[in-house]
$ cat my_file39.pdb   # PDB, C-alpha atoms and all ligand atoms
ATOM      1  CA  MET A 138       0.000   0.000   0.000
ATOM      2  CA  LYS A 139       1.291   3.433  -0.996
ATOM      3  CA  THR A 140       1.725   6.091   1.638
ATOM      4  CA  LYS A 141      -0.268   9.154   0.802
ATOM      5  CA  ILE A 142       1.807  12.333   1.058
ATOM      6  CA  PRO A 143      -0.203  15.462   1.919
ATOM      7  CA  MET A 144      -0.385  17.960  -0.981
ATOM      8  CA  ARG A 145       1.223  20.747   1.046
ATOM      9  CA  ILE A 146       4.289  18.606   1.788
ATOM     10  CA  LEU A 147       4.410  17.468  -1.838
ATOM     11  CA  THR A 148       4.528  21.093  -2.927
ATOM     12  CA  VAL A 149       7.378  21.892  -0.556
ATOM     13  CA  MET A 150       9.201  18.756  -1.667
ATOM     14  CA  SER A 151       8.809  19.674  -5.297
ATOM     15  CA  MET A 152      10.038  23.201  -4.645
ATOM     16  CA  LEU A 153      13.105  21.766  -2.968
ATOM     17  CA  GLY A 154      13.734  19.457  -5.885
ATOM     18  CA  VAL A 155      12.927  16.319  -3.950
ATOM     19  CA  LEU A 156      12.554  13.048  -5.812
ATOM     20  CA  VAL A 157       8.845  12.616  -6.395
ATOM     21  CA  GLY A 158       7.385   9.581  -8.116
ATOM     22  CA  GLY A 159      10.652   8.625  -9.755
ATOM     23  CA  GLY A 160      11.434  12.048 -11.291
ATOM     24  CA  VAL A 161      13.309  15.054  -9.976
ATOM     25  CA  VAL A 162      11.212  18.208 -10.127
ATOM     26  CA  PHE A 163      13.092  21.442  -9.781
ATOM     27  CA  GLY A 164      11.442  24.583  -8.536
ATOM     28  CA  THR A 165       7.993  23.884  -9.856
ATOM     29  CA  ASN A 166       4.570  23.219  -8.524
ATOM     30  CA  PRO A 167       1.683  21.664 -10.479
ATOM     31  CA  VAL A 168       0.519  25.072 -11.765
ATOM     32  CA  GLU A 169       3.931  26.347 -12.738
ATOM     33  CA  ALA A 170       4.877  23.139 -14.523
ATOM     34  CA  ALA A 171       2.944  24.456 -17.517
ATOM     35  CA  GLY A 172       4.460  27.894 -17.045
ATOM     36  CA  VAL A 173       3.146  30.869 -15.151
ATOM     37  CA  ALA A 174       1.275  33.157 -17.525
ATOM     38  CA  VAL A 175       2.782  36.617 -17.849
ATOM     39  CA  SER A 176       0.714  38.916 -20.049
ATOM     40  CA  ILE A 177       0.063  42.505 -20.964
ATOM     41  CA  SER A 178      -3.051  44.328 -19.848
ATOM     42  CA  ALA A 179      -3.297  47.428 -22.020
ATOM     43  CA  PRO A 180      -6.013  49.582 -23.569
ATOM     44  CA  ALA A 181      -6.837  48.273 -27.050
ATOM     45  CA  GLU A 182      -6.966  51.797 -28.405
ATOM     46  CA  VAL A 183      -5.642  55.164 -27.225
ATOM     47  CA  VAL A 184      -6.047  58.669 -28.618
ATOM     48  CA  LYS A 185      -2.841  60.211 -29.962
ATOM     49  CA  GLY A 186      -1.125  62.392 -27.370
ATOM     50  CA  SER A 187      -2.889  60.703 -24.437
ATOM     51  CA  SER A 188      -1.282  59.061 -21.395
ATOM     52  CA  PHE A 189      -2.152  55.558 -20.266
ATOM     53  CA  THR A 190      -0.831  52.650 -18.186
ATOM     54  CA  VAL A 191      -0.011  49.094 -19.100
ATOM     55  CA  SER A 192       0.115  46.365 -16.482
ATOM     56  CA  VAL A 193       2.426  43.380 -16.831
ATOM     57  CA  ASN A 194       0.261  40.742 -15.185
ATOM     58  CA  ILE A 195       1.335  37.440 -13.687
ATOM     59  CA  GLY A 196      -0.773  34.384 -12.936
ATOM     60  CA  SER A 197      -0.555  32.311  -9.772
ATOM     61  CA  VAL A 198       3.044  31.973  -8.672
ATOM     62  CA  THR A 199       4.738  30.416  -5.633
ATOM     63  CA  ALA A 200       7.577  31.978  -3.639
ATOM     64  CA  PHE A 201       8.392  34.518  -6.376
ATOM     65  CA  ASP A 202      11.463  36.584  -5.535
ATOM     66  CA  ALA A 203      12.835  38.374  -8.603
ATOM     67  CA  GLY A 204      12.624  38.659 -12.346
ATOM     68  CA  GLN A 205      13.640  40.512 -15.466
ATOM     69  CA  PHE A 206      12.089  41.081 -18.860
ATOM     70  CA  ASP A 207      12.273  43.312 -21.898
ATOM     71  CA  VAL A 208       9.350  45.296 -23.226
ATOM     72  CA  SER A 209       9.514  46.595 -26.789
ATOM     73  CA  PHE A 210       7.234  48.756 -28.915
ATOM     74  CA  ASP A 211       7.148  51.197 -31.839
ATOM     75  CA  GLU A 212       8.827  54.360 -30.582
ATOM     76  CA  SER A 213       7.246  56.466 -33.316
ATOM     77  CA  LEU A 214       3.868  55.724 -31.703
ATOM     78  CA  LEU A 215       4.553  55.103 -28.013
ATOM     79  CA  GLN A 216       6.915  56.481 -25.397
ATOM     80  CA  LEU A 217       7.634  54.928 -22.022
ATOM     81  CA  ASP A 218       7.610  57.591 -19.296
ATOM     82  CA  GLY A 219       8.023  55.461 -16.187
ATOM     83  CA  VAL A 220       7.862  52.030 -14.598
ATOM     84  CA  THR A 221       6.332  51.578 -11.151
ATOM     85  CA  ALA A 222       5.872  48.686  -8.744
ATOM     86  CA  GLY A 223       3.592  45.785  -9.442
ATOM     87  CA  GLN A 224       1.778  43.820  -6.776
ATOM     88  CA  ILE A 225       1.359  40.121  -6.082
ATOM     89  CA  GLY A 226      -1.248  39.356  -3.453
ATOM     90  CA  ALA A 227      -0.857  42.204  -0.959
ATOM     91  CA  THR A 228       2.876  42.600  -1.549
ATOM     92  CA  GLN A 229       4.430  45.302  -3.713
ATOM     93  CA  ILE A 230       6.938  44.115  -6.307
ATOM     94  CA  PRO A 231       9.555  46.898  -6.421
ATOM     95  CA  VAL A 232      11.136  47.871  -9.729
ATOM     96  CA  ASP A 233      14.862  47.985  -8.970
ATOM     97  CA  LEU A 234      15.919  49.242 -12.390
ATOM     98  CA  TRP A 235      14.545  49.986 -15.844
ATOM     99  CA  ASN A 236      16.771  51.018 -18.692
ATOM    100  CA  LYS A 237      16.558  51.558 -22.423
ATOM    101  CA  ILE A 238      18.682  48.878 -24.065
ATOM    102  CA  GLY A 239      17.771  49.507 -27.716
ATOM    103  CA  THR A 240      15.384  51.329 -30.000
ATOM    104  CA  GLY A 241      11.968  50.965 -28.408
ATOM    105  CA  THR A 242      13.238  48.289 -26.005
ATOM    106  CA  TYR A 243      13.541  48.609 -22.252
ATOM    107  CA  ARG A 244      14.810  46.077 -19.719
ATOM    108  CA  ILE A 245      13.034  45.977 -16.403
ATOM    109  CA  ILE A 246      14.317  44.315 -13.233
ATOM    110  CA  VAL A 247      11.975  43.607 -10.337
ATOM    111  CA  ASN A 248      13.031  42.226  -6.968
ATOM    112  CA  VAL A 249      11.301  41.511  -3.678
ATOM    113  CA  PRO A 250      13.786  42.539  -0.948
ATOM    114  CA  GLY A 251      15.238  39.658   1.071
ATOM    115  CA  VAL A 252      14.160  36.078   0.550
ATOM    116  CA  PRO A 253      10.611  35.726   1.902
ATOM    117  CA  GLY A 254       9.183  35.046  -1.556
ATOM    118  CA  VAL A 255       5.709  36.113  -2.611
ATOM    119  CA  SER A 256       2.869  33.801  -3.592
ATOM    120  CA  GLY A 257      -0.311  34.648  -5.437
ATOM    121  CA  SER A 258      -1.145  36.478  -8.634
ATOM    122  CA  GLY A 259      -1.093  40.112  -9.699
ATOM    123  CA  SER A 260       1.383  42.219 -11.602
ATOM    124  CA  LEU A 261       5.141  42.414 -12.024
ATOM    125  CA  ALA A 262       5.221  46.099 -12.938
ATOM    126  CA  VAL A 263       3.089  48.957 -14.225
ATOM    127  CA  LEU A 264       4.319  50.873 -17.271
ATOM    128  CA  GLN A 265       3.424  54.540 -17.813
ATOM    129  CA  PHE A 266       3.152  55.413 -21.494
ATOM    130  CA  HIS A 267       2.056  58.278 -23.644
ATOM    131  CA  ALA A 268       1.050  58.076 -27.279
ATOM    132  CA  ALA A 269       2.768  60.234 -29.896
ATOM    133  CA  SER A 270       0.871  63.422 -30.662
ATOM    134  CA  SER A 271       1.226  63.388 -34.442
ATOM    135  CA  ALA A 272       1.283  59.781 -35.605
ATOM    136  CA  VAL A 273      -1.407  57.128 -35.704
ATOM    137  CA  GLY A 274      -1.063  53.391 -36.240
ATOM    138  CA  THR A 275      -0.715  50.114 -34.384
ATOM    139  CA  SER A 276       2.236  49.274 -32.171
ATOM    140  CA  ALA A 277       3.079  45.811 -30.936
ATOM    141  CA  LEU A 278       3.832  45.626 -27.235
ATOM    142  CA  ASN A 279       6.158  42.655 -26.913
ATOM    143  CA  LEU A 280       7.590  40.911 -23.872
ATOM    144  CA  SER A 281      10.872  39.082 -24.393
ATOM    145  CA  ASN A 282      13.944  37.748 -22.576
ATOM    146  CA  GLY A 283      11.778  37.093 -19.563
ATOM    147  CA  PHE A 284      13.193  35.310 -16.535
ATOM    148  CA  LEU A 285      11.563  34.755 -13.158
ATOM    149  CA  ASN A 286      12.978  33.023 -10.114
ATOM    150  CA  ASN A 287      11.784  31.934  -6.716
ATOM    151  CA  ASN A 288      13.377  32.485  -3.347
ATOM    152  CA  LEU A 289      15.519  29.390  -3.855
ATOM    153  CA  ALA A 290      17.156  31.207  -6.800
ATOM    154  CA  THR A 291      15.540  28.668  -9.105
ATOM    155  CA  GLN A 292      13.881  29.627 -12.381
ATOM    156  CA  ILE A 293      10.115  29.737 -12.447
ATOM    157  CA  SER A 294       8.811  28.479 -15.772
ATOM    158  CA  ALA A 295       6.697  31.150 -17.483
ATOM    159  CA  THR A 296       4.954  31.906 -20.761
ATOM    160  CA  TRP A 297       5.241  35.529 -21.903
ATOM    161  CA  THR A 298       2.474  37.035 -24.028
ATOM    162  CA  GLY A 299       2.578  40.554 -25.392
ATOM    163  CA  GLY A 300      -0.124  42.601 -27.043
ATOM    164  CA  SER A 301      -0.695  45.594 -29.259
ATOM    165  CA  ILE A 302      -2.121  49.094 -29.018
ATOM    166  CA  ILE A 303      -3.859  51.181 -31.673
ATOM    167  CA  VAL A 304      -2.982  54.877 -31.576
ATOM    168  CA  CYS A 305      -5.772  56.794 -33.286
ATOM    169  CA  ASN A 306      -7.344  60.187 -33.773
ATOM    170  CA  ASP A 307     -10.016  61.075 -31.277
ATOM    171  CA  LEU A 308     -13.458  59.849 -32.239
ATOM    172  CA  VAL A 309     -15.648  62.815 -33.198
ATOM    173  CA  ILE A 310     -19.126  63.075 -34.675
ATOM    174  CA  THR A 311     -18.845  65.172 -37.831
ATOM    175  CA  THR A 312     -22.550  65.686 -38.485
ATOM    176  CA  THR A 313     -23.429  69.279 -37.551
ATOM    177  CA  SER A 314     -27.103  69.395 -38.507
ATOM    178  CA  LEU A 315     -29.846  67.239 -39.969
ATOM    179  CA  PRO A 316     -32.364  68.019 -42.730
ATOM    180  CA  ASN A 317     -35.912  68.958 -41.800
ATOM    181  CA  GLY A 318     -38.657  66.386 -42.105
ATOM    182  CA  VAL A 319     -42.146  66.574 -43.578
ATOM    183  CA  VAL A 320     -45.124  64.648 -42.197
ATOM    184  CA  GLY A 321     -45.968  61.843 -44.592
ATOM    185  CA  SER A 322     -42.754  62.125 -46.629
ATOM    186  CA  ALA A 323     -39.955  59.555 -46.509
ATOM    187  CA  TYR A 324     -36.928  60.799 -44.573
ATOM    188  CA  SER A 325     -33.335  59.551 -44.607
ATOM    189  CA  ALA A 326     -30.151  61.088 -43.210
ATOM    190  CA  ALA A 327     -26.776  59.464 -42.568
ATOM    191  CA  LEU A 328     -24.776  60.402 -39.462
ATOM    192  CA  GLY A 329     -21.010  60.748 -39.816
ATOM    193  CA  ALA A 330     -18.018  60.309 -37.508
ATOM    194  CA  SER A 331     -14.241  60.219 -37.832
ATOM    195  CA  GLY A 332     -11.288  58.947 -35.801
ATOM    196  CA  GLY A 333     -11.139  55.864 -33.620
ATOM    197  CA  SER A 334     -10.674  52.656 -35.550
ATOM    198  CA  GLY A 335     -13.106  53.815 -38.210
ATOM    199  CA  SER A 336     -16.055  51.453 -37.803
ATOM    200  CA  PHE A 337     -18.854  52.894 -35.735
ATOM    201  CA  THR A 338     -21.964  51.632 -34.029
ATOM    202  CA  TRP A 339     -24.627  54.244 -33.434
ATOM    203  CA  SER A 340     -27.326  54.531 -30.822
ATOM    204  CA  LEU A 341     -29.753  57.053 -29.401
ATOM    205  CA  LEU A 342     -28.375  58.315 -26.086
ATOM    206  CA  SER A 343     -31.222  60.547 -24.931
ATOM    207  CA  GLY A 344     -34.246  62.428 -26.166
ATOM    208  CA  SER A 345     -36.661  61.309 -28.873
ATOM    209  CA  LEU A 346     -36.556  61.101 -32.623
ATOM    210  CA  PRO A 347     -39.624  62.389 -34.481
ATOM    211  CA  SER A 348     -42.320  59.696 -34.325
ATOM    212  CA  GLY A 349     -42.026  57.454 -37.358
ATOM    213  CA  LEU A 350     -38.206  57.748 -37.549
ATOM    214  CA  THR A 351     -35.610  55.285 -36.271
ATOM    215  CA  LEU A 352     -31.813  55.288 -35.990
ATOM    216  CA  ASN A 353     -30.035  52.100 -37.033
ATOM    217  CA  ALA A 354     -26.630  50.879 -35.815
ATOM    218  CA  ALA A 355     -25.018  52.004 -39.076
ATOM    219  CA  GLY A 356     -26.007  55.603 -38.312
ATOM    220  CA  THR A 357     -28.921  56.152 -40.687
ATOM    221  CA  ILE A 358     -32.031  57.940 -39.458
ATOM    222  CA  SER A 359     -34.949  56.933 -41.633
ATOM    223  CA  GLY A 360     -38.683  56.436 -41.784
ATOM    224  CA  THR A 361     -41.696  58.661 -42.387
ATOM    225  CA  PRO A 362     -42.448  61.393 -39.823
ATOM    226  CA  THR A 363     -45.997  61.292 -38.518
ATOM    227  CA  THR A 364     -46.171  64.402 -36.312
ATOM    228  CA  THR A 365     -44.880  67.953 -36.494
ATOM    229  CA  GLY A 366     -42.517  69.558 -34.010
ATOM    230  CA  ALA A 367     -38.908  70.248 -33.114
ATOM    231  CA  PHE A 368     -37.255  67.064 -31.829
ATOM    232  CA  THR A 369     -33.945  67.254 -29.977
ATOM    233  CA  PHE A 370     -31.958  64.140 -29.090
ATOM    234  CA  ALA A 371     -28.386  62.948 -28.489
ATOM    235  CA  VAL A 372     -26.711  60.264 -30.574
ATOM    236  CA  GLN A 373     -23.663  58.210 -29.634
ATOM    237  CA  ALA A 374     -21.053  56.617 -31.869
ATOM    238  CA  THR A 375     -18.623  53.992 -30.603
ATOM    239  CA  ASP A 376     -15.920  51.946 -32.300
ATOM    240  CA  GLY A 377     -16.035  49.419 -29.461
ATOM    241  CA  HIS A 378     -13.355  51.210 -27.442
ATOM    242  CA  LEU A 379     -13.864  54.944 -27.792
ATOM    243  CA  SER A 380     -17.156  56.784 -28.015
ATOM    244  CA  ALA A 381     -18.511  60.254 -28.715
ATOM    245  CA  SER A 382     -21.933  61.830 -28.407
ATOM    246  CA  LYS A 383     -23.660  64.842 -29.888
ATOM    247  CA  SER A 384     -26.963  66.661 -29.532
ATOM    248  CA  LEU A 385     -28.879  67.123 -32.787
ATOM    249  CA  SER A 386     -32.401  68.110 -33.769
ATOM    250  CA  ILE A 387     -34.907  67.537 -36.556
ATOM    251  CA  GLN A 388     -37.723  69.956 -37.327
ATOM    252  CA  VAL A 389     -40.783  68.288 -38.785
ATOM    253  CA  SER A 390     -43.434  70.347 -40.547
ATOM    254  CA  LEU A 391     -46.491  69.699 -42.671
ATOM    255  CA  LYS A 392     -46.344  69.468 -46.450
ATOM    256  CA  PRO A 393     -47.791  72.705 -47.967
ATOM    257  CA  GLY A 394     -51.401  71.827 -48.735
ATOM    258  CA  ASP A 395     -51.642  69.100 -46.083
ATOM    259  CA  ALA A 396     -54.014  71.218 -44.042
ATOM    260  CA  ASN A 397     -55.185  68.375 -41.747
ATOM    261  CA  GLY A 398     -51.666  66.972 -41.193
ATOM    262  CA  ASP A 399     -52.343  63.369 -42.222
ATOM    263  CA  GLY A 400     -49.425  63.250 -44.668
ATOM    264  CA  LEU A 401     -51.748  63.250 -47.680
ATOM    265  CA  ILE A 402     -53.100  66.010 -49.892
ATOM    266  CA  ASN A 403     -56.704  65.387 -50.922
ATOM    267  CA  THR A 404     -60.134  66.931 -50.725
ATOM    268  CA  ALA A 405     -60.175  66.559 -46.921
ATOM    269  CA  ASP A 406     -57.569  69.355 -46.925
ATOM    270  CA  ILE A 407     -59.925  71.584 -48.890
ATOM    271  CA  SER A 408     -62.576  71.016 -46.238
ATOM    272  CA  LYS A 409     -59.998  71.692 -43.541
ATOM    273  CA  VAL A 410     -58.990  75.035 -45.102
ATOM    274  CA  GLU A 411     -62.652  75.959 -45.350
ATOM    275  CA  ARG A 412     -63.119  75.191 -41.655
ATOM    276  CA  ILE A 413     -60.055  77.291 -40.786
ATOM    277  CA  ILE A 414     -61.325  80.201 -42.913
ATOM    278  CA  ALA A 415     -64.717  79.875 -41.190
ATOM    279  CA  GLY A 416     -63.012  80.090 -37.819
ATOM    280  CA  LEU A 417     -64.090  76.590 -36.820
ATOM    281  CA  ASP A 418     -60.579  75.135 -36.611
ATOM    282  CA  SER A 419     -57.171  76.526 -35.706
ATOM    283  CA  ALA A 420     -54.743  77.326 -38.469
ATOM    284  CA  THR A 421     -52.166  74.713 -39.428
ATOM    285  CA  SER A 422     -48.888  75.234 -41.266
ATOM    286  CA  GLY A 423     -50.052  72.862 -44.019
ATOM    287  CA  ALA A 424     -53.126  74.974 -44.711
ATOM    288  CA  ASP A 425     -50.978  77.697 -46.257
ATOM    289  CA  ALA A 426     -50.698  75.725 -49.476
ATOM    290  CA  ASN A 427     -49.261  78.537 -51.575
ATOM    291  CA  GLY A 428     -46.805  79.680 -48.887
ATOM    292  CA  ASP A 429     -47.820  83.344 -48.840
ATOM    293  CA  GLY A 430     -48.281  83.453 -45.084
ATOM    294  CA  LEU A 431     -52.072  83.684 -45.332
ATOM    295  CA  ILE A 432     -54.825  81.080 -45.234
ATOM    296  CA  ASN A 433     -57.571  81.941 -47.662
ATOM    297  CA  THR A 434     -59.399  80.724 -50.780
ATOM    298  CA  ALA A 435     -56.176  80.987 -52.810
ATOM    299  CA  ASP A 436     -54.952  78.008 -50.755
ATOM    300  CA  ILE A 437     -58.050  76.010 -51.734
ATOM    301  CA  THR A 438     -57.276  76.721 -55.377
ATOM    302  CA  LYS A 439     -53.668  75.679 -54.797
ATOM    303  CA  ILE A 440     -54.733  72.422 -53.128
ATOM    304  CA  GLU A 441     -57.055  71.640 -56.035
ATOM    305  CA  ARG A 442     -54.168  72.224 -58.454
ATOM    306  CA  ILE A 443     -51.925  69.919 -56.400
ATOM    307  CA  ILE A 444     -54.614  67.194 -56.368
ATOM    308  CA  ALA A 445     -55.082  67.595 -60.128
ATOM    309  CA  GLY A 446     -51.363  67.299 -60.719
ATOM    310  CA  LEU A 447     -51.053  70.811 -62.074
ATOM    311  CA  SER A 448     -48.552  72.072 -59.469
TER     312      SER A 448
HETATM  313 CA    CA A 501     -54.153  66.042 -45.674
HETATM  314 CA    CA A 502     -51.840  80.930 -48.444
END

$ encode --input "my_file39.pdb" --output "structure tokens"
Amino acid sequence: MKTKIPMRILTVMSMLGVLVGGGVVFGTNPVEAAGVAVSISAPAEVVKGSSFTVSVNIGSVTAFDAGQFDVSFDESLLQLDGVTAGQIGATQIPVDLWNKIGTGTYRIIVNVPGVPGVSGSGSLAVLQFHAASSAVGTSALNLSNGFLNNNLATQISATWTGGSIIVCNDLVITTTSLPNGVVGSAYSAALGASGGSGSFTWSLLSGSLPSGLTLNAAGTISGTPTTTGAFTFAVQATDGHLSASKSLSIQVSLKPGDANGDGLINTADISKVERIIAGLDSATSGADANGDGLINTADITKIERIIAGLS
């Protein structure tokens, strides 16, 4: 019968390089055998000229004591301004030294003072960057020449995964105004934006579109207005990372001759103008069919001409 060795003792034995199950295991535990994951946590997209931080994250590690790695990037797009301490569990991981060793490549050395070792997950360091103010593009953010060791001065196996950052122009909505709408007439207007990564999803942020109109994700406002009025609303465009919003408005009026505001011009509008002239109904903008600012029999004549296809 085999003697069962408690997991905690097994871990200590394996860290010490004790013979376990016929093989010598140096400085590893079951998690680290596959390699501790070291990866970049960075914004996918930054606006040119802006400052941002990048975290060099580390997965679960046991008795970590010190490490070194190189970070490299496109210097025409990104500049490294500083490197500050990471944190594993509750323990800070001091950056002892960071130094430029080549074009766009910096070497960073982190070291926990003394030999207590730190276990847990977190970050090895935090990098302070700013994006170039005049150039846009995509920069790789590579990690290389990485080496980690535990408090026994033994290498900790690790996999190093970099990333990339898009430097772009700020996302702005370029539409300054929208065409007016007419009750009963088809309406279509395309919203525009620039910057970001160039593919936008649109939505209504606040307010209301004229009834009968909708905004689709591609940024087209379309439909057929059903009521008059001035409608003010805010739209938002996002490229998935950055977003911008803008307040816009659409004025909807009646078609000249559409005295009753139903979107159609027919004999009901003649009756409506007659009622307005007789003082039975309030004036409507559509009743002024000939656009002279007055509502009188000349508008009835105009409506008849419109119905007959004469004008
Ligand atoms: Ca009408
Ligand atoms: Ca008139």

$ closest_residue --input "my_file39.pdb" --among "A:Val304, A:Ala268, A:Ile407, A:Ile437" --to "ligand CA 501 (chain A)" --atoms "all atoms listed in the file"
A:Ile407

$ residues_near_ligand --input "my_file39.pdb" --ligand "ligand CA 501 (chain A)" --cutoff "7 Å" --atoms "all atoms listed in the file" --output "list in words"
Asp395, Ala396, Asn397, Gly398, Asp399, Gly400, Leu401, Ile402, Asn403, Ala405 and Asp406 of chain A

$ resolve_selection --input "my_file39.pdb" --expression "the PyMOL selection byres (((chain A and resi 384) around 12) and not hetatm)" --output "ChimeraX atom specification"
/A:310-315,328,341-346,368-374,381-383,385-387

$ resolve_selection --input "my_file39.pdb" --expression "the PyMOL selection byres (((chain A and resi 284-287) around 8) and not hetatm)" --output "PDB file with C-alpha atoms, keeping the file's coordinate frame"
ATOM      1  CA  GLY A 164      11.442  24.583  -8.536  1.00  0.00           C
ATOM      2  CA  THR A 199       4.738  30.416  -5.633  1.00  0.00           C
ATOM      3  CA  ALA A 200       7.577  31.978  -3.639  1.00  0.00           C
ATOM      4  CA  PHE A 201       8.392  34.518  -6.376  1.00  0.00           C
ATOM      5  CA  ASP A 202      11.463  36.584  -5.535  1.00  0.00           C
ATOM      6  CA  ALA A 203      12.835  38.374  -8.603  1.00  0.00           C
ATOM      7  CA  GLY A 204      12.624  38.659 -12.346  1.00  0.00           C
ATOM      8  CA  GLN A 205      13.640  40.512 -15.466  1.00  0.00           C
ATOM      9  CA  PHE A 206      12.089  41.081 -18.860  1.00  0.00           C
ATOM     10  CA  GLY A 254       9.183  35.046  -1.556  1.00  0.00           C
ATOM     11  CA  ASN A 282      13.944  37.748 -22.576  1.00  0.00           C
ATOM     12  CA  GLY A 283      11.778  37.093 -19.563  1.00  0.00           C
ATOM     13  CA  ASN A 288      13.377  32.485  -3.347  1.00  0.00           C
ATOM     14  CA  LEU A 289      15.519  29.390  -3.855  1.00  0.00           C
ATOM     15  CA  ALA A 290      17.156  31.207  -6.800  1.00  0.00           C
ATOM     16  CA  THR A 291      15.540  28.668  -9.105  1.00  0.00           C
ATOM     17  CA  GLN A 292      13.881  29.627 -12.381  1.00  0.00           C
ATOM     18  CA  ILE A 293      10.115  29.737 -12.447  1.00  0.00           C
ATOM     19  CA  SER A 294       8.811  28.479 -15.772  1.00  0.00           C
ATOM     20  CA  ALA A 295       6.697  31.150 -17.483  1.00  0.00           C
TER      21      ALA A 295
END

$ closest_atom_pairs --input "my_file39.pdb" --of "chain A" --to "ligand CA 502 (chain A)" --cutoff "8 Å" --atoms "all atoms listed in the file" --output "CSV"
residue,atom,partner,partner_atom,distance
A:Ala424,CA,A:CA502,CA,7.1
A:Asp425,CA,A:CA502,CA,4.0
A:Ala426,CA,A:CA502,CA,5.4
A:Asn427,CA,A:CA502,CA,4.7
A:Gly428,CA,A:CA502,CA,5.2
A:Asp429,CA,A:CA502,CA,4.7
A:Gly430,CA,A:CA502,CA,5.5
A:Leu431,CA,A:CA502,CA,4.2
A:Ile432,CA,A:CA502,CA,4.4
A:Asn433,CA,A:CA502,CA,5.9
A:Thr434,CA,A:CA502,CA,7.9
A:Ala435,CA,A:CA502,CA,6.2
A:Asp436,CA,A:CA502,CA,4.9

$ atom_distance --input "my_file39.pdb" --atom1 "CA of Ala181 (chain A)" --atom2 "CA of Leu379 (chain A)"
9.7 Å

$ residues_around --input "my_file39.pdb" --residues "Val191 (chain A)" --least-positions-apart "2" --cutoff "8 Å" --atoms "only C-alpha atoms" --output "NGL selection string"
:A and (177-180 or 189 or 193 or 263-266)

$ atom_distance --input "my_file39.pdb" --atom1 "CA of Ser359 (chain A)" --atom2 "CA of Thr375 (chain A)"
19.9 Å

$ resolve_selection --input "my_file39.pdb" --expression "the PyMOL selection byres (((chain A and resi 223-227) around 6) and not hetatm)" --output "list in words"
Ala222, Thr228, Gln229, Ile230, Gly257, Ser258, Gly259, Ser260, Leu261, Ala262 and Val263 of chain A

$ axis_aligned_box --input "my_file39.pdb" --around "region 253-265 of chain A" --padding-each-side "4 Å" --output "JSON"
{"center_x": 4.7, "center_y": 44.2, "center_z": -8.0, "size_x": 19.8, "size_y": 28.7, "size_z": 27.7}

$ closest_residue --input "my_file39.pdb" --among "A:Leu278, A:Ala330, A:Val309, A:Val410" --to "Glu441 (chain A)" --atoms "all atoms listed in the file"
A:Val410

$ closest_residue --input "my_file39.pdb" --among "A:Ala269, A:Val208, A:Ala355, A:Ala277" --to "Ile246 (chain A)" --atoms "all atoms listed in the file"
A:Val208

$ closest_residue --input "my_file39.pdb" --among "A:Ala272, A:Val249, A:Ile440, A:Val183" --to "Ser408 (chain A)" --atoms "only C-alpha atoms"
A:Ile440
